[in-house]
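Asker: Mind having a look at this structure? Questions to follow.
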Amino acid sequence: MTIHTMMDNMTYPVILTLMVPKETKSYRHVYFICFLALYVLILSINIRLVMVIVMEKALHEPMYIFLGHLCVNGIYGASGFYPKMLFDLISDSYVISSNMCTLQTFVIYSSLLSEITILTVMAYDRYVAICKPLDYHSKLSKNTCVKLVLLSLLVSNSLSVASVLLSKLRPFCKYHIDKLYCDNWSIVKLSCASNFVNNVLGYAMAVLFLSFIIFIIVSYFKLISACKASLENRKKFWQTCLPHIFSLINFTVAYLFDIMYSRYGANDIPESLRNFLALELVIVPPVFNPLIYGLNIRAVRKRVFTSCVASRVNVSQTIKT
């Protein structure tokens with residue numbers, strides 16, 4: 001691979017083709033309505049939860065700050081997929097430039113990495129809240145919360161930039177991505193050059209992901225042992241930790257599905273299953289995270305319900321006047 005070839009990839013972006021959804025000619029508008037409804041749902045529930053957290057002073061606590069960041073990250077990641085998919089469906093043209101493909105990969109994967117880092121931070125928050133309640137406000141002050149959020153953004157974006165650049169600087173010898181959107185491994189497979197460096201970085205990121213999971217599991221073992229001795233701790237665990245566990249399982253399953261599809265996907269797998277594996281990552285976490293927390297945490301559920309009722313009352317009074 002020469003410097004000239006790498007510069008050509010950067011300066012003269014090629015056009016790549018994406019997978020065309022099955023029976024697009026017959027159901028293109030149905031697909032468009034479904035994806036639009038999903039995107040509107042993701043935006044509405046995540047923005048609603050973020051607004052409640054920002055406006056309610058009672059929710060200006062570390063756990064809810066991290067939850068707000070999780071919702072913003074869900075909006076960010078979804079916006080890397082849905083607008084492009086909607087445009088493809090309405091124009092019936094499933095192509096993308098290499099530069100836009102790189103941008104979409106960066107947005108989706110930085111969102112993915114940011115989610116696992118913030119879930120790790122939330123596990124630490126619950127560990128301190130339940131196991132060391134007297135030190136909670138000293139260890140998780142507002143400045144510390146901001147630093148942890150910025151650290152999660154720094155880690156996720158740095159790894160994503162490194163991964164995407166390594167893929168971008170490879171010469172293309174193929175021009176079709178067998179997926180509904182761009183991802184890093186799909187771009188790597190477009191090149192005929194050696195993918196040794198990309199594999200090393202991929203394994204390093206997998207080790208980092210595994211270390212986060214191990215940290216979360218260890219923290220929860222300590223949480224469970226602390227809950228055995230106290231009824232109050234058990235209540236805290238069921239109210240605040242259970243949604244976190246659901247979100248972690250939800251994210252891990254989606255991530256594993258994506259790895260299975262990207263690394264080991266084959267043409268002998270039915271197209272409907274391949275599409276499900278591909279879309280799991282961009283549909284399930286941003287939809288279910290706010291719903292899981294909104295329905296399970298009483299403080300959030302109560303204030304979301306109150307704000308919805310208040311907004312409806314205001315609208316009805318405006319109509320009457």
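Labels for the structure tokens follow display order: chains A, B, ..., residues from 1 in each chain, ligands from 1.
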Run DSSP on the backbone and give me the residues of stretch 156-244 of chain A it puts in strand (DSSP E or B), as a PyMOL selection string.
Answerer: chain A and resi 172+176-177+191
Asker: Can you tell me, as a ChimeraX atom specification, which residues in stretch 160-267 of chain A count as helix (DSSP H, G or I) by DSSP?
Answerer: /A:160-168,184-188,196-227,231-264
Asker: Which residue out of A:Arg28, A:Arg126, A:Lys139, A:Lys22 has the minimum interatomic distance to A:Phe87 when only C-alpha atoms are used?
Answerer: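 Selected residue with least distance to A:Phe87: A:Arg28.
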Asker: When distances are computed from only C-alpha atoms, which of A:Ile90, A:Ala162, A:Leu153, A:Met260 shows the smallest separation from A:Val30?
Answerer: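 Closest to A:Val30, using only C-alpha atoms: A:Ile90.
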Asker: Show me, as a ChimeraX atom specification, the residues that have an atom within 8 Å of stretch 171-188 of chain A when counting only C-alpha atoms, minus same-chain residues fewer than 2 positions from it.
Answerer: /A:1,5-6,9,15-21,81,85,101-102,104-105,108-109,163-164,167-169,190-193,195,198,262-263,275,278
Asker: Which residues are close to A:His69, i.e. within 8 Å by only C-alpha atoms, leaving aside same-chain residues fewer than 4 positions away? Reply as a PyMOL selection string.
Answerer: chain A and resi 65+73+118+149
Asker: Kindly save the residues from that selection, with N, CA, C and O atoms included, as a compact mmCIF listing (two decimals), in the first residue's frame.
Answerer:
# COMPACT_ATOMS: atom_id res chain seq x y z
N ILE A 65 -27.48 11.98 36.03
CA ILE A 65 -26.58 12.65 35.08
C ILE A 65 -26.04 11.62 34.09
O ILE A 65 -26.01 11.85 32.88
N ASN A 73 -26.41 9.84 24.16
CA ASN A 73 -25.60 8.95 23.33
C ASN A 73 -26.48 8.08 22.43
O ASN A 73 -26.11 7.79 21.28
N ILE A 118 -20.04 4.26 29.71
CA ILE A 118 -20.96 4.92 30.65
C ILE A 118 -21.69 3.89 31.49
O ILE A 118 -22.01 4.13 32.67
N VAL A 149 -17.85 11.55 32.66
CA VAL A 149 -18.55 11.63 31.36
C VAL A 149 -17.56 12.00 30.25
O VAL A 149 -17.56 11.39 29.17
Asker: Within 10 Å of A:Val72, counting only C-alpha atoms, which residues show up once you throw out same-chain ones fewer than 5 positions away? Write them as an mmCIF file with N, CA and C atoms, in the first residue's frame, please.
Answerer:
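Output (out30.cif):
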data_model
loop_
_atom_site.group_PDB
_atom_site.id
_atom_site.type_symbol
_atom_site.label_atom_id
_atom_site.label_comp_id
_atom_site.auth_asym_id
_atom_site.auth_seq_id
_atom_site.Cartn_x
_atom_site.Cartn_y
_atom_site.Cartn_z
ATOM 1 N N LEU A 43 -36.125 9.445 19.284
ATOM 2 C CA LEU A 43 -35.914 10.866 19.593
ATOM 3 C C LEU A 43 -36.842 11.330 20.706
ATOM 4 N N ASN A 46 -36.095 9.590 24.340
ATOM 5 C CA ASN A 46 -34.795 9.983 24.888
ATOM 6 C C ASN A 46 -34.749 11.474 25.225
ATOM 7 N N ILE A 47 -35.304 12.304 24.333
ATOM 8 C CA ILE A 47 -35.328 13.751 24.586
ATOM 9 C C ILE A 47 -36.213 14.059 25.786
ATOM 10 N N LEU A 49 -36.800 12.162 28.388
ATOM 11 C CA LEU A 49 -36.095 11.775 29.612
ATOM 12 C C LEU A 49 -34.981 12.756 29.939
ATOM 13 N N VAL A 50 -34.248 13.210 28.928
ATOM 14 C CA VAL A 50 -33.174 14.181 29.147
ATOM 15 C C VAL A 50 -33.750 15.502 29.663
ATOM 16 N N PHE A 66 -25.619 10.462 34.605
ATOM 17 C CA PHE A 66 -25.118 9.396 33.735
ATOM 18 C C PHE A 66 -26.231 8.843 32.839
ATOM 19 N N LEU A 67 -27.436 8.754 33.385
ATOM 20 C CA LEU A 67 -28.575 8.297 32.594
ATOM 21 C C LEU A 67 -28.864 9.274 31.453
ATOM 22 N N GLY A 77 -26.097 8.010 18.384
ATOM 23 C CA GLY A 77 -25.872 6.789 17.620
ATOM 24 C C GLY A 77 -26.965 6.515 16.606
ATOM 25 N N ALA A 78 -28.227 6.722 17.012
ATOM 26 C CA ALA A 78 -29.352 6.499 16.098
ATOM 27 C C ALA A 78 -29.295 7.452 14.906
ATOM 28 N N SER A 111 -20.536 5.762 19.445
ATOM 29 C CA SER A 111 -21.723 5.628 20.298
ATOM 30 C C SER A 111 -21.719 4.296 21.042
ATOM 31 N N PRO A 286 -31.109 2.045 21.881
ATOM 32 C CA PRO A 286 -31.684 3.391 22.026
ATOM 33 C C PRO A 286 -33.175 3.418 22.333
#
